[in-house]
Structure formats: structure tokens, C-alpha cells
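Have a look at the structure below before the remarks.
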Amino acid sequence: MKTYQLTPGGARQVPLEAASLDQASQRLPQGLYTTFRTYSGGSRVLGLQAHLDRLYQPAAAQGLAPDVSETELRRFLAETCSAMETESRVRLTLAVSDSPGAVFVTIEPFTPLSPETYQRGVNVVSAETARQSPRLKATGFIQSSADLRQLVRNGIFEVLLCRNGSVLEGMTSNFYIIRAGALVTSRNGILLGVTRRAVIRLARGAGLEVEYRAPDLDEPFSEALLSSSSRGIVPIVKIDNRTVGQGIPGKWTKTLMAAYEAYVEKHSQQI
């Protein structure tokens with residue numbers, strides 16, 4: 001894993017010791033961030049402009065001038081990611097405190113989930129908590145959710161953030177249920193994930209209705225899934241102690257997973 005700071009004079013490697021992207025974020029100035037993976041030998045990213053917008057649009061709204069432009073950042077990513085021996089997982093950070101405007105790039109080799117994870121599904125747990133500023137992906141949330149992230153390190157795949165028993169989103173993902181021919185997902189109080197746009201589009205294309213509301217954990221539903229830029233679509237087979245559906249990935253989830261793979265192949269963008 002390597003971290004770089006981009007400046008008008010060029011990029012310099014930051015001597016940062018970290019075992020994960022989250023640890024790296026906690027050692028950098030607090031700010032806005034976004035995370036994604038590369039495809040096609042490090043040359044392509046799905047929704048790269050949307051990821052950049054997460055940093056540059058809020059900065060513009062706050063009157064904050066990043067140290068480098070989007071064009072300069074893209075150029076650095078193209079050169080660095082294509083030189084990696086494997087696909088990369090990348091985190092971009094735009095500092096808003098300590099060094100306002102500083103731009104950092106942390107890159108690690110991308111390790112995909114095992115095929116068995118997608119075939120068997122995952123177990124998640126719920127927690128009554130939510131982001132303070134859900135429309136901003138801020139590194140402060142990484143620190144404030146440290147206890148929940150410990151659950152993930154201890155074998156739970158994801159933590160669902162809930163308000164009064166209704167699921168807003170996952171800690172690092174968006175959340176959906178399938179009920180009576182509809183994909184149900186919250187639109188308010190969440191971070192609008194880049195992959196979420198594709199999932200909603202694919203659901204409509206597959207014949208599912210889309211219902212925007214926070215799903216209730218107590219309501220009946222046949223399938224559940226999550227999505228993120230690094231993991232794609234992942235089936236959920238257990239929430240807390242409740243088995244979802246038949247305890248295996250459902251037909252709609254499998255349909256969306258296959259459609260998503262084709263979508264990435266077609267729509268990932270050249271860096």
C-alpha cells in the first residue's frame with residue numbers, strides 16, 4: 001500500500017504506515033474521500049467522474065480550492081494504476097482541515113471477494129446509528145464508526161445503519177431488499193453510492209419496480225443485497241439472527257449480479 005500527496009509541483013510519496021485504507025485515512029488530515037477499484041489492467045474505472053464529483057463539488061460549494069485539478073488527478077491515476085501488477089483499490093482524499101485543499105491518493109492491490117462469497121451470500125448485523133452528514137463521504141465517519149468496523153474485522157461482513165428499525169444503508173455499502181416484485185431502498189439519509197445508480201437502472205431493466213423508502217427489518221421480504229464500488233453486488237442471506245428467504249442468494253439477486261458484471265464490462269470508463 002502506498003500513499004501519495006499530489007501538489008502543483010508533482011506527486012510525493014507519504015511515509016505512512018498503515019495496514020488498511022481505513023488506517024491510512026485515520027493518519028491523514030480529515031476530509032472528503034471516495035474509494036473504487038480498477039478494471040482492465042488498471043486502465044478503467046466504473047463511474048470515475050461520479051467519484052471525483054464527491055470531492056470536487058463539495059469543495060467548490062465550500063469555496064475550497066484543491067491543490068490539483070481533476071485533470072491532473074486523472075493523469076496521475078492513469079499512470080500509477082496502469083503500472084501496478086494487479087488491479088488496484090484506490091482511495092482519494094481531499095483534506096478540509098489541517099491542510100485544506102491537499103489531495104492524497106492511497107493505492108493497494110485489489111483483492112476480490114472469493115467466488116464462494118457471491119455463491120453462498122453473507123451475514124450482516126444491524127445497528128441503530130446513521131451518518132451525521134449522509135450526503136458527504138467524510139473521513140471523520142471512519143473514526144466515529146471504529147467500534148462497528150471492529151465487528152466487520154471479527155467476521156461480520158457488513159453493519160447496517162438503522163433508524164428506528166429501518167435500514168438506511170450499510171456502513172460501507174448501499175442496502176436493498178426485494179419484496180413482491182420491487183427493489184426497496186432508501187433515498188433519504190444515505191450516501192448515494194456510485195454503484196447504487198447502476199443497481200437501480202439494472203433492476204428496472206430486469207422488470208423490478210423500484211420503491212424508495214428505508215426497508216423495515218421486521219417486514220417480510222424474500223431477498224436482500226448490498227452494493228459497493230469495490231465489491232459490486234453481494235447477496236445477504238442472514239441479518240442479525242434472521243435468515244433471509246431460503247438462506248441462499250435469490251433469483252432476482254442472481255439476475256442483478258449477472259447484469260452488473262455485463263454493465264461493468266460495457267460502461268467502465270478509461271481513466
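For the C-alpha cells, the naming scheme is as follows: chains receive sequential letters (A, B, ...) according to their order of presentation, residues are indexed from 1 within each chain, and ligands are indexed from 1 in presentation order.
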What residues in stretch 64-269 of chain A get the DSSP label strand (DSSP E)? Please answer as a PyMOL selection string.
-> chain A and resi 88-95+103-109+122-128+158-163+166-170+174-179+182-185+209-212+223-228+232-239+242-243+269
Write out as a short mmCIF file (atom, residue, chain, number, x, y, z; two decimals) with N, CA and C atoms, in the first residue's frame the residues lying within 6 Å of stretch 232-239 of chain A, counting only C-alpha atoms and excluding same-chain residues fewer than 3 positions away.
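That gives us out-v2.cif:
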data_model
loop_
_atom_site.label_atom_id
_atom_site.label_comp_id
_atom_site.auth_asym_id
_atom_site.auth_seq_id
_atom_site.Cartn_x
_atom_site.Cartn_y
_atom_site.Cartn_z
N TYR A 118 -20.02 -14.83 -3.24
CA TYR A 118 -21.15 -14.47 -4.08
C TYR A 118 -22.13 -15.64 -4.24
N GLY A 121 -23.58 -16.11 -0.30
CA GLY A 121 -24.12 -14.95 0.40
C GLY A 121 -23.40 -14.69 1.71
N VAL A 122 -23.76 -13.59 2.36
CA VAL A 122 -23.04 -13.15 3.56
C VAL A 122 -24.00 -12.86 4.71
N ASN A 123 -23.43 -12.83 5.91
CA ASN A 123 -24.16 -12.47 7.12
C ASN A 123 -23.84 -11.03 7.51
N VAL A 124 -24.86 -10.28 7.89
CA VAL A 124 -24.66 -8.90 8.32
C VAL A 124 -25.39 -8.68 9.64
N VAL A 125 -25.08 -7.58 10.30
CA VAL A 125 -25.78 -7.22 11.53
C VAL A 125 -26.27 -5.78 11.40
N ALA A 224 -32.30 -9.98 0.04
CA ALA A 224 -31.60 -8.76 0.47
C ALA A 224 -30.22 -8.77 -0.16
N LEU A 225 -29.72 -7.57 -0.43
CA LEU A 225 -28.42 -7.46 -1.07
C LEU A 225 -27.79 -6.12 -0.73
N LEU A 226 -26.50 -6.02 -0.96
CA LEU A 226 -25.80 -4.75 -0.80
C LEU A 226 -24.96 -4.49 -2.03
N SER A 227 -24.53 -3.25 -2.18
CA SER A 227 -23.68 -2.91 -3.31
C SER A 227 -22.62 -1.92 -2.88
N SER A 228 -21.45 -2.02 -3.52
CA SER A 228 -20.37 -1.05 -3.32
C SER A 228 -19.47 -1.07 -4.52
N SER A 229 -18.66 -0.03 -4.67
CA SER A 229 -17.80 0.08 -5.85
C SER A 229 -16.75 -1.02 -5.90
N ARG A 242 -31.75 -13.47 11.76
CA ARG A 242 -32.85 -13.79 10.86
C ARG A 242 -32.32 -14.26 9.51
N THR A 243 -32.77 -15.42 9.08
CA THR A 243 -32.41 -15.92 7.75
C THR A 243 -33.26 -15.21 6.71
N VAL A 244 -32.62 -14.77 5.65
CA VAL A 244 -33.31 -14.09 4.56
C VAL A 244 -33.76 -15.12 3.53
N GLY A 247 -32.26 -18.69 2.74
CA GLY A 247 -30.90 -18.78 3.25
C GLY A 247 -29.85 -18.93 2.17
N ILE A 248 -30.24 -18.69 0.92
CA ILE A 248 -29.32 -18.73 -0.21
C ILE A 248 -29.64 -17.53 -1.11
N PRO A 249 -28.70 -17.12 -1.94
CA PRO A 249 -28.98 -16.00 -2.85
C PRO A 249 -30.20 -16.28 -3.71
N MET A 257 -26.76 -9.59 -10.24
CA MET A 257 -25.32 -9.80 -10.20
C MET A 257 -24.77 -10.05 -11.61
#
Using only C-alpha atoms, what does the table of stretch 40-129 of chain A residues within 10 Å of stretch 190-196 of chain A look like, with each row giving the shortest atom pair and its distance in Å to one decimal, sorted by chain and ascending number, as a tab-separated table?
residue	atom	partner	partner_atom	distance
A:Leu46	CA	A:Thr195	CA	8.2
A:Gly47	CA	A:Val194	CA	6.5
A:Leu48	CA	A:Val194	CA	8.8
A:Gln49	CA	A:Val194	CA	9.7
A:Ala50	CA	A:Val194	CA	6.5
A:His51	CA	A:Val194	CA	7.1
A:Arg54	CA	A:Val194	CA	9.7
Please dump the current selection as a short mmCIF file (atom, residue, chain, number, x, y, z; two decimals), in the first residue's frame; keep C-alpha atoms.
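After the write, result_10.cif holds the following:
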data_model
loop_
_atom_site.label_atom_id
_atom_site.label_comp_id
_atom_site.auth_asym_id
_atom_site.auth_seq_id
_atom_site.Cartn_x
_atom_site.Cartn_y
_atom_site.Cartn_z
CA LEU A 46 -16.71 2.43 -13.27
CA GLY A 47 -18.20 5.86 -12.58
CA LEU A 48 -14.90 7.67 -12.13
CA GLN A 49 -16.42 11.10 -12.73
CA ALA A 50 -19.01 10.45 -10.03
CA HIS A 51 -16.21 9.55 -7.61
CA ARG A 54 -17.72 13.51 -4.40
#
Can you list, as a list of chain:residue names, every protein, DNA or RNA residue that comes within 12 Å of A:Leu151 when you count only C-alpha atoms, leaving out same-chain residues fewer than 2 positions away?
->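 Residues meeting the cut-off are A:Asn123, A:Val124, A:Val125, A:Ser126, A:Ala127, A:Ser145, A:Ala146, A:Asp147, A:Leu148, A:Arg149, A:Arg153, A:Asn154, A:Gly155, A:Ile156, A:Phe157, A:Glu158, A:Val159, A:Leu160, A:Met171.
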Let me see the file: selected residues, N, CA and C atoms, as a tab-separated table (two decimals), in the first residue's frame.
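Below is the file out-v8.tsv, written as the result:
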chain	number	residue	atom	x	y	z
A	123	ASN	N	-23.43	-12.83	5.91
A	123	ASN	CA	-24.16	-12.47	7.12
A	123	ASN	C	-23.84	-11.03	7.51
A	124	VAL	N	-24.86	-10.28	7.89
A	124	VAL	CA	-24.66	-8.90	8.32
A	124	VAL	C	-25.39	-8.68	9.64
A	125	VAL	N	-25.08	-7.58	10.30
A	125	VAL	CA	-25.78	-7.22	11.53
A	125	VAL	C	-26.27	-5.78	11.40
A	126	SER	N	-27.21	-5.42	12.26
A	126	SER	CA	-27.78	-4.07	12.23
A	126	SER	C	-27.37	-3.29	13.47
A	127	ALA	N	-27.35	-1.97	13.33
A	127	ALA	CA	-27.02	-1.09	14.46
A	127	ALA	C	-27.83	0.19	14.33
A	145	SER	N	-17.03	5.51	13.58
A	145	SER	CA	-17.63	4.19	13.47
A	145	SER	C	-16.62	3.07	13.73
A	146	ALA	N	-15.54	3.40	14.44
A	146	ALA	CA	-14.46	2.43	14.66
A	146	ALA	C	-14.96	1.17	15.35
A	147	ASP	N	-15.86	1.31	16.33
A	147	ASP	CA	-16.36	0.13	17.05
A	147	ASP	C	-17.14	-0.78	16.10
A	148	LEU	N	-17.95	-0.19	15.22
A	148	LEU	CA	-18.71	-1.00	14.28
A	148	LEU	C	-17.79	-1.69	13.28
A	149	ARG	N	-16.75	-0.99	12.87
A	149	ARG	CA	-15.80	-1.59	11.92
A	149	ARG	C	-15.07	-2.77	12.55
A	153	ARG	N	-14.23	-6.70	11.11
A	153	ARG	CA	-12.95	-7.40	11.21
A	153	ARG	C	-13.07	-8.71	11.96
A	154	ASN	N	-14.11	-8.85	12.77
A	154	ASN	CA	-14.30	-10.07	13.55
A	154	ASN	C	-15.23	-11.07	12.87
A	155	GLY	N	-15.44	-10.91	11.58
A	155	GLY	CA	-16.16	-11.95	10.83
A	155	GLY	C	-17.51	-11.57	10.27
A	156	ILE	N	-18.10	-10.46	10.74
A	156	ILE	CA	-19.34	-9.97	10.16
A	156	ILE	C	-19.01	-9.25	8.85
A	157	PHE	N	-19.79	-9.49	7.81
A	157	PHE	CA	-19.44	-8.92	6.51
A	157	PHE	C	-19.72	-7.42	6.45
A	158	GLU	N	-20.83	-6.98	7.05
A	158	GLU	CA	-21.21	-5.57	6.97
A	158	GLU	C	-22.12	-5.23	8.13
A	159	VAL	N	-22.15	-3.95	8.48
A	159	VAL	CA	-23.06	-3.44	9.51
A	159	VAL	C	-24.08	-2.54	8.83
A	160	LEU	N	-25.37	-2.80	9.07
A	160	LEU	CA	-26.44	-1.99	8.50
A	160	LEU	C	-26.77	-0.85	9.45
A	171	MET	N	-22.67	0.30	6.33
A	171	MET	CA	-21.59	1.18	6.78
A	171	MET	C	-20.67	1.55	5.62
Best match for closeness to A:Ser268 among A:Arg120, A:Ser20, A:Ala198, A:Asp67, counting only C-alpha atoms =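 With only C-alpha atoms as the atom set, the closest residue is A:Ala198.
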Of A:Gly42, A:Pro66, A:Pro215, A:Gly181, the one nearest to A:Ser99 when counting only C-alpha atoms is A:Pro66
Write out as a PyMOL selection string the residues lying within 8 Å of A:Leu94, counting only C-alpha atoms and excluding same-chain residues fewer than 4 positions away.
-> chain A and resi 31-33+55+66+100-104
Quick one: of A:Glu17, A:Arg201, A:Leu136, A:Ser230, who's nearest to A:Glu87, counting only C-alpha atoms?
-> A:Ser230
Could you tell me how far atom CA of A:Asn241 lies from atom CA of A:Phe175, in Å and to one decimal?
->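 Atom CA of A:Asn241 sits 17.5 Å away from atom CA of A:Phe175.
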